[in-house]
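*Asks:* Below is the file run_28.cif, which contains mmCIF, C-alpha atoms and all ligand atoms.
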```cif
data_data
loop_
_atom_site.group_PDB
_atom_site.id
_atom_site.type_symbol
_atom_site.label_atom_id
_atom_site.label_comp_id
_atom_site.auth_asym_id
_atom_site.auth_seq_id
_atom_site.Cartn_x
_atom_site.Cartn_y
_atom_site.Cartn_z
ATOM 1 C CA MET A 886 162.229 -15.303 50.290
ATOM 2 C CA SER A 887 162.325 -12.441 47.852
ATOM 3 C CA GLN A 888 161.136 -9.066 48.978
ATOM 4 C CA ALA A 889 158.026 -9.442 46.811
ATOM 5 C CA THR A 890 157.148 -12.835 48.309
ATOM 6 C CA ASP A 891 157.818 -11.384 51.743
ATOM 7 C CA GLN A 892 155.384 -8.580 51.127
ATOM 8 C CA LEU A 893 152.768 -11.019 49.902
ATOM 9 C CA ALA A 894 153.202 -13.296 52.894
ATOM 10 C CA GLU A 895 152.862 -10.314 55.181
ATOM 11 C CA ARG A 896 149.721 -9.155 53.386
ATOM 12 C CA ASP A 897 148.287 -12.660 53.484
ATOM 13 C CA SER A 898 148.927 -13.218 57.159
ATOM 14 C CA ARG A 899 147.400 -9.859 58.004
ATOM 15 C CA GLY A 900 144.556 -10.178 55.519
ATOM 16 C CA ALA A 901 143.623 -13.747 56.341
ATOM 17 C CA THR A 902 142.219 -12.727 59.698
ATOM 18 C CA ASP A 903 140.830 -9.462 58.504
ATOM 19 C CA PRO A 904 138.530 -9.653 55.496
ATOM 20 C CA ILE A 905 136.766 -6.430 54.624
ATOM 21 C CA ILE A 906 133.998 -8.134 52.616
ATOM 22 C CA GLN A 907 132.855 -11.726 53.019
ATOM 23 C CA ALA A 908 130.359 -13.559 50.872
ATOM 24 C CA ILE A 909 129.065 -16.620 52.709
ATOM 25 C CA ASP A 910 127.235 -19.280 50.698
ATOM 26 C CA VAL A 911 125.677 -16.610 48.510
ATOM 27 C CA THR A 912 123.073 -17.554 45.912
ATOM 28 C CA ARG A 913 121.170 -15.232 43.598
ATOM 29 C CA GLU A 914 118.285 -16.526 41.539
ATOM 30 C CA TYR A 915 116.061 -14.658 39.142
ATOM 31 C CA GLN A 916 112.571 -15.761 38.272
ATOM 32 C CA LEU A 917 112.021 -14.869 34.632
ATOM 33 C CA SER A 918 108.812 -15.792 32.791
ATOM 34 C CA GLY A 919 108.355 -18.930 34.863
ATOM 35 C CA GLU A 920 111.965 -19.982 34.480
ATOM 36 C CA MET A 921 114.541 -19.877 37.253
ATOM 37 C CA VAL A 922 117.939 -18.386 36.423
ATOM 38 C CA HIS A 923 120.690 -19.429 38.850
ATOM 39 C CA ALA A 924 122.951 -16.414 38.311
ATOM 40 C CA VAL A 925 125.168 -17.045 41.370
ATOM 41 C CA GLN A 926 125.242 -20.340 43.236
ATOM 42 C CA SER A 927 126.653 -20.978 46.731
ATOM 43 C CA VAL A 928 129.609 -18.614 46.463
ATOM 44 C CA THR A 929 131.878 -18.164 49.463
ATOM 45 C CA LEU A 930 134.607 -15.565 49.082
ATOM 46 C CA ASP A 931 136.730 -13.378 51.360
ATOM 47 C CA VAL A 932 138.032 -10.038 50.169
ATOM 48 C CA ASN A 933 141.007 -9.259 52.382
ATOM 49 C CA ARG A 934 142.520 -5.850 52.978
ATOM 50 C CA GLY A 935 145.088 -4.848 50.431
ATOM 51 C CA GLU A 936 144.190 -7.782 48.218
ATOM 52 C CA PHE A 937 143.714 -7.624 44.463
ATOM 53 C CA ILE A 938 141.256 -10.281 43.280
ATOM 54 C CA THR A 939 140.212 -10.929 39.710
ATOM 55 C CA LEU A 940 137.067 -12.776 38.671
ATOM 56 C CA VAL A 941 137.424 -14.215 35.221
ATOM 57 C CA GLY A 942 134.624 -15.924 33.374
ATOM 58 C CA ARG A 943 132.620 -16.027 30.211
ATOM 59 C CA SER A 944 129.741 -13.750 29.418
ATOM 60 C CA GLY A 945 126.693 -14.700 31.499
ATOM 61 C CA SER A 946 128.722 -16.622 34.089
ATOM 62 C CA GLY A 947 127.554 -14.415 36.964
ATOM 63 C CA LYS A 948 130.384 -11.889 37.470
ATOM 64 C CA THR A 949 128.258 -8.735 37.530
ATOM 65 C CA THR A 950 125.617 -10.370 39.719
ATOM 66 C CA LEU A 951 128.276 -11.366 42.253
ATOM 67 C CA LEU A 952 130.005 -7.987 42.186
ATOM 68 C CA ASN A 953 126.696 -6.171 42.745
ATOM 69 C CA MET A 954 126.088 -8.260 45.848
ATOM 70 C CA LEU A 955 129.603 -7.585 47.174
ATOM 71 C CA ALA A 956 128.807 -3.882 46.716
ATOM 72 C CA GLY A 957 125.509 -4.216 48.568
ATOM 73 C CA LEU A 958 123.684 -3.018 45.440
ATOM 74 C CA ASP A 959 121.767 -6.285 45.214
ATOM 75 C CA HIS A 960 120.829 -8.812 47.889
ATOM 76 C CA PRO A 961 121.332 -12.560 47.754
ATOM 77 C CA THR A 962 118.344 -14.899 47.497
ATOM 78 C CA SER A 963 120.126 -16.877 50.220
ATOM 79 C CA GLY A 964 123.425 -16.530 52.031
ATOM 80 C CA ARG A 965 125.002 -13.419 53.510
ATOM 81 C CA VAL A 966 127.388 -10.661 52.520
ATOM 82 C CA LEU A 967 129.291 -9.115 55.423
ATOM 83 C CA PHE A 968 131.108 -5.779 55.429
ATOM 84 C CA GLU A 969 133.661 -5.705 58.255
ATOM 85 C CA GLY A 970 131.701 -8.531 59.883
ATOM 86 C CA ASP A 971 128.250 -6.930 59.657
ATOM 87 C CA ASP A 972 125.544 -8.383 57.444
ATOM 88 C CA MET A 973 124.782 -5.801 54.743
ATOM 89 C CA ALA A 974 121.156 -6.988 54.661
ATOM 90 C CA ASN A 975 120.720 -5.358 58.082
ATOM 91 C CA PHE A 976 122.255 -2.015 57.099
ATOM 92 C CA SER A 977 120.016 1.004 57.401
ATOM 93 C CA GLU A 978 119.649 3.307 54.408
ATOM 94 C CA LYS A 979 121.987 5.744 56.173
ATOM 95 C CA GLN A 980 124.653 3.097 56.785
ATOM 96 C CA PHE A 981 124.395 1.950 53.212
ATOM 97 C CA ILE A 982 124.802 5.493 51.883
ATOM 98 C CA GLY A 983 127.848 5.950 54.123
ATOM 99 C CA LEU A 984 129.293 2.720 52.804
ATOM 100 C CA ARG A 985 128.870 3.750 49.177
ATOM 101 C CA ARG A 986 130.057 7.287 49.821
ATOM 102 C CA HIS A 987 133.216 6.539 51.748
ATOM 103 C CA ARG A 988 134.152 2.879 51.806
ATOM 104 C CA ILE A 989 133.221 1.103 48.574
ATOM 105 C CA GLY A 990 133.905 2.484 45.095
ATOM 106 C CA VAL A 991 132.178 0.859 42.148
ATOM 107 C CA VAL A 992 133.288 0.960 38.523
ATOM 108 C CA PHE A 993 130.249 -0.074 36.514
ATOM 109 C CA GLN A 994 130.410 -2.136 33.347
ATOM 110 C CA SER A 995 128.335 0.616 31.699
ATOM 111 C CA PHE A 996 130.504 3.444 33.258
ATOM 112 C CA ALA A 997 127.445 5.323 34.666
ATOM 113 C CA LEU A 998 128.883 8.778 33.913
ATOM 114 C CA LEU A 999 126.552 11.740 34.159
ATOM 115 C CA PRO A 1000 126.016 12.980 30.600
ATOM 116 C CA LEU A 1001 125.640 16.684 31.350
ATOM 117 C CA LEU A 1002 128.800 16.925 33.433
ATOM 118 C CA SER A 1003 132.332 17.231 32.106
ATOM 119 C CA ALA A 1004 134.934 14.552 32.745
ATOM 120 C CA TYR A 1005 136.361 16.748 35.508
ATOM 121 C CA GLU A 1006 132.954 17.263 37.131
ATOM 122 C CA ASN A 1007 132.097 13.577 36.901
ATOM 123 C CA VAL A 1008 135.238 12.751 38.874
ATOM 124 C CA GLU A 1009 134.743 15.576 41.346
ATOM 125 C CA LEU A 1010 131.039 15.144 42.141
ATOM 126 C CA PRO A 1011 131.224 12.119 44.491
ATOM 127 C CA MET A 1012 133.911 13.940 46.520
ATOM 128 C CA ARG A 1013 131.687 16.999 46.715
ATOM 129 C CA ILE A 1014 128.815 14.815 47.958
ATOM 130 C CA ALA A 1015 131.141 13.172 50.476
ATOM 131 C CA GLY A 1016 132.005 16.619 51.875
ATOM 132 C CA ILE A 1017 135.645 16.735 50.811
ATOM 133 C CA GLY A 1018 136.935 20.332 50.726
ATOM 134 C CA ALA A 1019 137.352 22.290 47.486
ATOM 135 C CA SER A 1020 141.145 22.398 47.347
ATOM 136 C CA GLU A 1021 141.503 18.702 48.166
ATOM 137 C CA ARG A 1022 138.872 17.871 45.522
ATOM 138 C CA SER A 1023 140.663 19.838 42.901
ATOM 139 C CA LYS A 1024 144.033 18.308 43.823
ATOM 140 C CA ARG A 1025 142.693 14.762 43.675
ATOM 141 C CA THR A 1026 140.695 15.322 40.482
ATOM 142 C CA ASN A 1027 143.714 16.679 38.628
ATOM 143 C CA GLU A 1028 145.875 13.897 40.002
ATOM 144 C CA VAL A 1029 143.606 11.033 38.892
ATOM 145 C CA LEU A 1030 142.926 12.586 35.492
ATOM 146 C CA ASP A 1031 146.680 12.694 35.036
ATOM 147 C CA ILE A 1032 147.028 9.088 36.223
ATOM 148 C CA VAL A 1033 144.563 7.833 33.611
ATOM 149 C CA GLY A 1034 146.122 10.091 30.976
ATOM 150 C CA LEU A 1035 143.084 12.298 30.405
ATOM 151 C CA SER A 1036 144.089 15.719 31.756
ATOM 152 C CA ARG A 1037 143.602 17.139 28.296
ATOM 153 C CA ARG A 1038 140.052 15.794 28.137
ATOM 154 C CA ALA A 1039 138.923 17.307 31.468
ATOM 155 C CA LYS A 1040 136.394 19.631 29.876
ATOM 156 C CA HIS A 1041 134.849 17.040 27.580
ATOM 157 C CA ARG A 1042 131.427 15.641 28.289
ATOM 158 C CA PRO A 1043 131.031 11.851 28.120
ATOM 159 C CA TYR A 1044 129.610 11.959 24.562
ATOM 160 C CA GLU A 1045 132.739 13.856 23.488
ATOM 161 C CA LEU A 1046 134.947 11.022 24.734
ATOM 162 C CA SER A 1047 135.723 7.624 23.236
ATOM 163 C CA GLY A 1048 134.427 4.497 24.990
ATOM 164 C CA GLY A 1049 137.853 3.785 26.449
ATOM 165 C CA GLU A 1050 138.213 7.382 27.648
ATOM 166 C CA GLN A 1051 134.801 7.194 29.343
ATOM 167 C CA GLN A 1052 135.901 3.987 30.975
ATOM 168 C CA ARG A 1053 139.091 5.610 32.268
ATOM 169 C CA ILE A 1054 137.055 8.516 33.675
ATOM 170 C CA SER A 1055 134.811 6.071 35.542
ATOM 171 C CA ILE A 1056 137.938 4.421 37.003
ATOM 172 C CA ALA A 1057 139.404 7.832 37.910
ATOM 173 C CA ARG A 1058 136.152 8.716 39.683
ATOM 174 C CA ALA A 1059 136.351 5.607 41.873
ATOM 175 C CA VAL A 1060 140.086 5.988 42.571
ATOM 176 C CA ALA A 1061 139.781 9.682 43.558
ATOM 177 C CA MET A 1062 137.480 8.766 46.453
ATOM 178 C CA ARG A 1063 140.227 6.585 47.959
ATOM 179 C CA PRO A 1064 137.738 4.022 49.217
ATOM 180 C CA ASN A 1065 138.758 0.913 51.149
ATOM 181 C CA VAL A 1066 137.474 -1.326 48.377
ATOM 182 C CA ILE A 1067 137.071 -0.870 44.632
ATOM 183 C CA LEU A 1068 134.710 -3.251 42.857
ATOM 184 C CA ALA A 1069 135.352 -2.889 39.146
ATOM 185 C CA ASP A 1070 133.179 -4.607 36.559
ATOM 186 C CA GLU A 1071 135.073 -5.203 33.291
ATOM 187 C CA PRO A 1072 137.104 -2.024 33.909
ATOM 188 C CA THR A 1073 139.215 -2.651 30.835
ATOM 189 C CA GLY A 1074 136.480 -3.877 28.484
ATOM 190 C CA GLU A 1075 136.855 -0.847 26.204
ATOM 191 C CA LEU A 1076 140.615 -0.444 26.487
ATOM 192 C CA ASP A 1077 143.431 -1.474 24.203
ATOM 193 C CA SER A 1078 145.965 -3.902 25.648
ATOM 194 C CA VAL A 1079 148.455 -1.199 26.719
ATOM 195 C CA ASN A 1080 145.881 0.895 28.582
ATOM 196 C CA ALA A 1081 144.285 -2.245 30.047
ATOM 197 C CA ALA A 1082 147.615 -3.430 31.447
ATOM 198 C CA GLU A 1083 148.224 0.014 32.911
ATOM 199 C CA ILE A 1084 144.863 0.117 34.666
ATOM 200 C CA PHE A 1085 145.560 -3.295 36.177
ATOM 201 C CA GLY A 1086 149.020 -1.994 37.125
ATOM 202 C CA LEU A 1087 147.326 0.917 38.869
ATOM 203 C CA PHE A 1088 145.071 -1.487 40.794
ATOM 204 C CA ARG A 1089 148.116 -3.556 41.743
ATOM 205 C CA GLN A 1090 149.843 -0.444 43.039
ATOM 206 C CA MET A 1091 146.813 0.749 45.026
ATOM 207 C CA ALA A 1092 146.474 -2.655 46.669
ATOM 208 C CA SER A 1093 150.183 -2.945 47.497
ATOM 209 C CA ASP A 1094 150.911 0.652 48.486
ATOM 210 C CA GLU A 1095 147.611 1.932 49.856
ATOM 211 C CA ASP A 1096 146.137 -1.253 51.293
ATOM 212 C CA MET A 1097 143.104 -0.880 49.096
ATOM 213 C CA SER A 1098 141.174 -4.033 48.232
ATOM 214 C CA ILE A 1099 140.283 -4.498 44.594
ATOM 215 C CA VAL A 1100 137.914 -6.952 42.959
ATOM 216 C CA ALA A 1101 137.928 -6.663 39.188
ATOM 217 C CA THR A 1102 136.167 -8.827 36.632
ATOM 218 C CA THR A 1103 137.716 -9.457 33.255
ATOM 219 C CA HIS A 1104 137.552 -11.629 30.178
ATOM 220 C CA ASP A 1105 141.197 -10.948 29.491
ATOM 221 C CA ARG A 1106 143.539 -13.626 30.772
ATOM 222 C CA THR A 1107 146.644 -11.657 29.849
ATOM 223 C CA LEU A 1108 145.953 -9.239 32.726
ATOM 224 C CA LEU A 1109 145.726 -11.814 35.451
ATOM 225 C CA ASP A 1110 149.298 -12.077 36.678
ATOM 226 C CA LEU A 1111 149.074 -8.755 38.496
ATOM 227 C CA ALA A 1112 146.403 -10.095 40.861
ATOM 228 C CA ASP A 1113 146.885 -11.835 44.205
ATOM 229 C CA LYS A 1114 144.073 -14.301 43.549
ATOM 230 C CA ILE A 1115 142.271 -15.374 40.420
ATOM 231 C CA TYR A 1116 138.830 -16.916 40.634
ATOM 232 C CA THR A 1117 137.181 -18.500 37.638
ATOM 233 C CA VAL A 1118 133.433 -17.949 37.486
ATOM 234 C CA HIS A 1119 131.475 -20.641 35.703
ATOM 235 C CA ASN A 1120 127.701 -21.103 35.776
ATOM 236 C CA GLY A 1121 127.407 -18.892 38.843
ATOM 237 C CA GLN A 1122 130.038 -20.771 40.840
ATOM 238 C CA ILE A 1123 133.574 -19.715 41.608
ATOM 239 C CA GLU A 1124 136.745 -21.671 41.828
ATOM 240 C CA LEU A 1125 140.079 -20.366 43.045
ATOM 241 C CA SER A 1126 142.207 -21.047 40.024
ATOM 242 C CA GLU A 1127 145.418 -19.383 41.089
ATOM 243 C CA VAL A 1128 147.036 -17.644 43.986
ATOM 244 C CA GLY A 1129 149.504 -15.254 42.450
ATOM 245 C CA GLU A 1130 152.930 -16.473 43.374
ATOM 246 C CA ASN A 1131 154.458 -15.073 40.264
ATOM 247 C CA ILE A 1132 152.836 -11.719 40.599
ATOM 248 C CA ASP A 1133 154.983 -8.717 40.217
ATOM 249 C CA ALA A 1134 154.321 -6.812 43.425
ATOM 250 C CA HIS A 1135 156.732 -4.129 42.265
ATOM 251 C CA ALA A 1136 155.047 -3.571 38.932
ATOM 252 C CA GLN A 1137 155.329 0.112 38.330
ATOM 253 C CA PHE A 1138 152.333 1.937 37.098
ATOM 254 C CA ARG A 1139 153.051 3.980 34.009
ATOM 255 C CA ARG A 1140 150.600 6.646 33.034
ATOM 256 C CA PRO A 1141 148.678 5.830 29.840
ATOM 257 C CA ASP A 1142 149.964 7.846 26.886
ATOM 258 C CA ALA A 1143 153.060 8.844 28.903
HETATM 259 N N1 LIG A 1201 117.757 -9.061 36.156
HETATM 260 C C1 LIG A 1201 117.920 -10.288 35.680
HETATM 261 N N2 LIG A 1201 116.852 -11.097 35.468
HETATM 262 C C2 LIG A 1201 117.009 -12.357 34.994
HETATM 263 N N3 LIG A 1201 118.206 -12.906 34.704
HETATM 264 C C3 LIG A 1201 119.301 -12.145 34.888
HETATM 265 C C4 LIG A 1201 119.223 -10.806 35.375
HETATM 266 N N4 LIG A 1201 120.470 -10.288 35.460
HETATM 267 C C5 LIG A 1201 121.289 -11.270 35.025
HETATM 268 N N5 LIG A 1201 120.600 -12.387 34.687
HETATM 269 C C6 LIG A 1201 121.175 -13.653 34.202
HETATM 270 O O1 LIG A 1201 122.098 -14.107 35.156
HETATM 271 C C7 LIG A 1201 123.248 -14.661 34.515
HETATM 272 C C8 LIG A 1201 124.515 -13.937 35.013
HETATM 273 O O2 LIG A 1201 124.503 -12.599 34.509
HETATM 274 P P1 LIG A 1201 125.683 -11.585 34.788
HETATM 275 O O3 LIG A 1201 125.269 -10.269 34.281
HETATM 276 O O4 LIG A 1201 126.049 -11.679 36.233
HETATM 277 O O5 LIG A 1201 126.854 -12.231 33.902
HETATM 278 P P2 LIG A 1201 128.316 -11.672 33.618
HETATM 279 O O6 LIG A 1201 129.280 -12.769 33.975
HETATM 280 O O7 LIG A 1201 128.520 -10.366 34.271
HETATM 281 O O8 LIG A 1201 128.315 -11.516 32.012
HETATM 282 P P3 LIG A 1201 129.110 -10.430 31.073
HETATM 283 O O9 LIG A 1201 130.535 -10.935 31.001
HETATM 284 O O10 LIG A 1201 128.401 -10.566 29.765
HETATM 285 O O11 LIG A 1201 128.978 -9.077 31.685
HETATM 286 C C9 LIG A 1201 123.004 -14.536 33.032
HETATM 287 O O12 LIG A 1201 122.546 -15.784 32.561
HETATM 288 C C10 LIG A 1201 121.949 -13.484 32.911
HETATM 289 O O13 LIG A 1201 121.128 -13.721 31.781
HETATM 290 MG MG MG A 1202 128.867 -8.472 33.543
#
```
Go ahead and render the structure in this file as C-alpha cells.

*Replies:*
Amino acid sequence: MSQATDQLAERDSRGATDPIIQAIDVTREYQLSGEMVHAVQSVTLDVNRGEFITLVGRSGSGKTTLLNMLAGLDHPTSGRVLFEGDDMANFSEKQFIGLRRHRIGVVFQSFALLPLLSAYENVELPMRIAGIGASERSKRTNEVLDIVGLSRRAKHRPYELSGGEQQRISIARAVAMRPNVILADEPTGELDSVNAAEIFGLFRQMASDEDMSIVATTHDRTLLDLADKIYTVHNGQIELSEVGENIDAHAQFRRPDA
C-alpha cells in the first residue's frame, strides 16, 4: 500500500467508529402555499473525524437544506441529527451556542459577512466572541488572510471586495476558528478555477493534517478528486457515488495569488 492509501485506511478505520456528526433517516419538508416540498428525503450520512466529504448536486437538489441540518441551524421534519452521539434536537440554547462557537464552522452560500466591519474584523470577531486572547486572534487572523491570499485587502469592507474575495474572507473566518467540523455551502461558487482548486486543497490539508472534518457542497465536478467521499444529491436524496481511492492525500496547498 502506498503511504497515501495507508493514511486513508488509517483514517477510515479510526473514523468509521467515531463519527462526529450523524444524520439518521433525515427528512425535511416545507409546506408552501398548500404544496409540500420534499427538500431532503430519508438521508443517512456519517461525517467521520478528519474526513472530507463533498455533496454534489444540481440547483434545488437539497444541498443547503441538508447542510443546515448538519449544522443544527434547521431541524428535520423527521429523523435525527447527532453531534458526537447526542441528538441536536435536545440541545439547550447554551449547548447550541457552544457548538457554533467552538465546534462547527459554517461557510454560508451567501457569505454572511458583516458589512460595517473590515475583512480583518470579520475574520477576528468570532474569535473575540469565543474568548480567544488578543495576540492569538491577531496571529490567526493574519495567518488565514495570508492563506486565502487577501492580506492586502485586510482593511477593505465587504462592499470594497469582489464576490470571490468576500467568499475567501468567509472561508478564512471559518478556518481561523479551528473548529472540529467545517460545513461549507458552495464555498467556491464565486471563485475562478485556480482559486477554487486551492480552497479545496486547503480543505484537503486541514482534514489530513489537522483531523478536521469538512463537508462542502459544489456544482463543480473538477474539484471532487480531493475529497474522501463524494455524495450525489438528487431530489433530496443522497447516493455515495465515489470513495476517493485516487485522492491525492499529499496535495499541497498553494496560497492563491502566490
Ligand atoms: N424555506 C423554504 N420553503 C419552501 N421550500 C424551500 C425552502 N428552502 C428551500 N426550499 C426548496 O427545497 C429544495 C431544496 O433547496 P436547497 O436550497 O436545499 O437546494 P440546493 O441544492 O442548495 O440548491 P442551490 O444549488 O441552488 O443552492 C428546493 O426545491 C427549494 O425550492
Ligand atoms: Mg444551496

*Asks:* On this structure, which residues satisfy the PyMOL selection byres (((chain A and resi 988) around 7) and not hetatm), written as a list in words?

*Replies:*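 Listing what the PyMOL selection byres (((chain A and resi 988) around 7) and not hetatm) selects in the shown file: Leu984, Arg985, Arg986, His987, Ile989, Gly990, Pro1064, Asn1065 and Val1066 of chain A.
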
*Asks:* Just give me the residues with any atom within 12 Å of (126.9, -6.8, 43.1), file coordinates, counting all atoms listed in the file, written as a PyMOL selection string.

*Replies:* chain A and resi 906+908+911-913+924-925+947-961+966+973+989-994+1067-1070+1100-1102

*Asks:* What does the file look like for those residues with C-alpha atoms, as a tab-separated table (two decimals), in the coordinates of the input?

*Replies:*
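Resulting contents of part24.tsv:
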```
chain	number	residue	atom	x	y	z
A	906	ILE	CA	134.00	-8.13	52.62
A	908	ALA	CA	130.36	-13.56	50.87
A	911	VAL	CA	125.68	-16.61	48.51
A	912	THR	CA	123.07	-17.55	45.91
A	913	ARG	CA	121.17	-15.23	43.60
A	924	ALA	CA	122.95	-16.41	38.31
A	925	VAL	CA	125.17	-17.05	41.37
A	947	GLY	CA	127.55	-14.42	36.96
A	948	LYS	CA	130.38	-11.89	37.47
A	949	THR	CA	128.26	-8.74	37.53
A	950	THR	CA	125.62	-10.37	39.72
A	951	LEU	CA	128.28	-11.37	42.25
A	952	LEU	CA	130.00	-7.99	42.19
A	953	ASN	CA	126.70	-6.17	42.74
A	954	MET	CA	126.09	-8.26	45.85
A	955	LEU	CA	129.60	-7.58	47.17
A	956	ALA	CA	128.81	-3.88	46.72
A	957	GLY	CA	125.51	-4.22	48.57
A	958	LEU	CA	123.68	-3.02	45.44
A	959	ASP	CA	121.77	-6.28	45.21
A	960	HIS	CA	120.83	-8.81	47.89
A	961	PRO	CA	121.33	-12.56	47.75
A	966	VAL	CA	127.39	-10.66	52.52
A	973	MET	CA	124.78	-5.80	54.74
A	989	ILE	CA	133.22	1.10	48.57
A	990	GLY	CA	133.90	2.48	45.10
A	991	VAL	CA	132.18	0.86	42.15
A	992	VAL	CA	133.29	0.96	38.52
A	993	PHE	CA	130.25	-0.07	36.51
A	994	GLN	CA	130.41	-2.14	33.35
A	1067	ILE	CA	137.07	-0.87	44.63
A	1068	LEU	CA	134.71	-3.25	42.86
A	1069	ALA	CA	135.35	-2.89	39.15
A	1070	ASP	CA	133.18	-4.61	36.56
A	1100	VAL	CA	137.91	-6.95	42.96
A	1101	ALA	CA	137.93	-6.66	39.19
A	1102	THR	CA	136.17	-8.83	36.63
```

*Asks:* If the PyMOL selection byres (((chain A and resi 938-940) around 7) and not hetatm) were run on this exact file, what residues would it hold? Put them as a list in words.

*Replies:*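 Applied to this file, the PyMOL selection byres (((chain A and resi 938-940) around 7) and not hetatm) selects Glu936, Phe937, Val941, Gly942, Lys948, Ile1099, Val1100, Ala1101, Thr1102, Thr1103, Ala1112, Asp1113, Lys1114, Ile1115, Tyr1116, Thr1117 and Val1118 of chain A.
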
*Asks:* Between A:Arg1013, A:Arg1058, A:Arg934, A:Lys979, single out the one closest to Val1033 (chain A), counting all atoms listed in the file.

*Replies:* A:Arg1058

*Asks:* Can you tell me which residues surround region 1047-1057 of chain A at a distance of at most 9 Å, considering only C-alpha atoms, apart from same-chain residues fewer than 5 positions away, and format the answer as a ChimeraX atom specification?

*Replies:* /A:991-998,1004-1005,1007-1008,1026,1029-1030,1032-1035,1038,1062,1069,1072-1077,1080,1084

*Asks:* Could the residues in this selection be written to a file with C-alpha atoms, as a compact mmCIF listing (two decimals), in the coordinates of the input?

*Replies:*
```txt
# COMPACT_ATOMS: atom_id res chain seq x y z
CA VAL A 991 132.18 0.86 42.15
CA VAL A 992 133.29 0.96 38.52
CA PHE A 993 130.25 -0.07 36.51
CA GLN A 994 130.41 -2.14 33.35
CA SER A 995 128.34 0.62 31.70
CA PHE A 996 130.50 3.44 33.26
CA ALA A 997 127.44 5.32 34.67
CA LEU A 998 128.88 8.78 33.91
CA ALA A 1004 134.93 14.55 32.74
CA TYR A 1005 136.36 16.75 35.51
CA ASN A 1007 132.10 13.58 36.90
CA VAL A 1008 135.24 12.75 38.87
CA THR A 1026 140.70 15.32 40.48
CA VAL A 1029 143.61 11.03 38.89
CA LEU A 1030 142.93 12.59 35.49
CA ILE A 1032 147.03 9.09 36.22
CA VAL A 1033 144.56 7.83 33.61
CA GLY A 1034 146.12 10.09 30.98
CA LEU A 1035 143.08 12.30 30.40
CA ARG A 1038 140.05 15.79 28.14
CA MET A 1062 137.48 8.77 46.45
CA ALA A 1069 135.35 -2.89 39.15
CA PRO A 1072 137.10 -2.02 33.91
CA THR A 1073 139.22 -2.65 30.84
CA GLY A 1074 136.48 -3.88 28.48
CA GLU A 1075 136.85 -0.85 26.20
CA LEU A 1076 140.62 -0.44 26.49
CA ASP A 1077 143.43 -1.47 24.20
CA ASN A 1080 145.88 0.90 28.58
CA ILE A 1084 144.86 0.12 34.67
```

*Asks:* Just how far from CA of Thr1107 (chain A) is CA of Ser1126 (chain A), in Å to one decimal?

*Replies:* 14.5 Å

*Asks:* Suppose you want the space between CA of Glu1021 (chain A) and CA of Ala1059 (chain A); what is it in Å?

*Replies:* 15.4 Å

*Asks:* Taking all atoms listed in the file into account, name the residue in A:Asp972, A:Pro1000, A:Ser1093, A:Ser1098 that is nearest to Pro1043 (chain A).

*Replies:*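 Ranking A:Asp972, A:Pro1000, A:Ser1093, A:Ser1098 by distance to Pro1043 (chain A), first place goes to A:Pro1000.
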
*Asks:* Have a look at CA of Asn933 (chain A) and CA of Asp903 (chain A) and let me know their distance in Å, one decimal.

*Replies:*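 If I compute the distance from CA of Asn933 (chain A) to CA of Asp903 (chain A), I get 6.1 Å.
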
*Asks:* Compare A:Arg943, A:Arg1042, A:His923, A:Arg1022 by their minimum atom-to-atom distance to ligand MG 1202 (chain A), counting only C-alpha atoms and all ligand atoms, and give me the closest one.

*Replies:*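 Result for the nearest residue to ligand MG 1202 (chain A): A:Arg943.
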
*Asks:* Go through A:Ala1092, A:Ala1039, A:Leu1109, A:Leu930 and flag the residue nearest Ser1003 (chain A), using all atoms listed in the file for the distances.

*Replies:*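 Between A:Ala1092, A:Ala1039, A:Leu1109, A:Leu930, the residue approaching Ser1003 (chain A) most closely is A:Ala1039.
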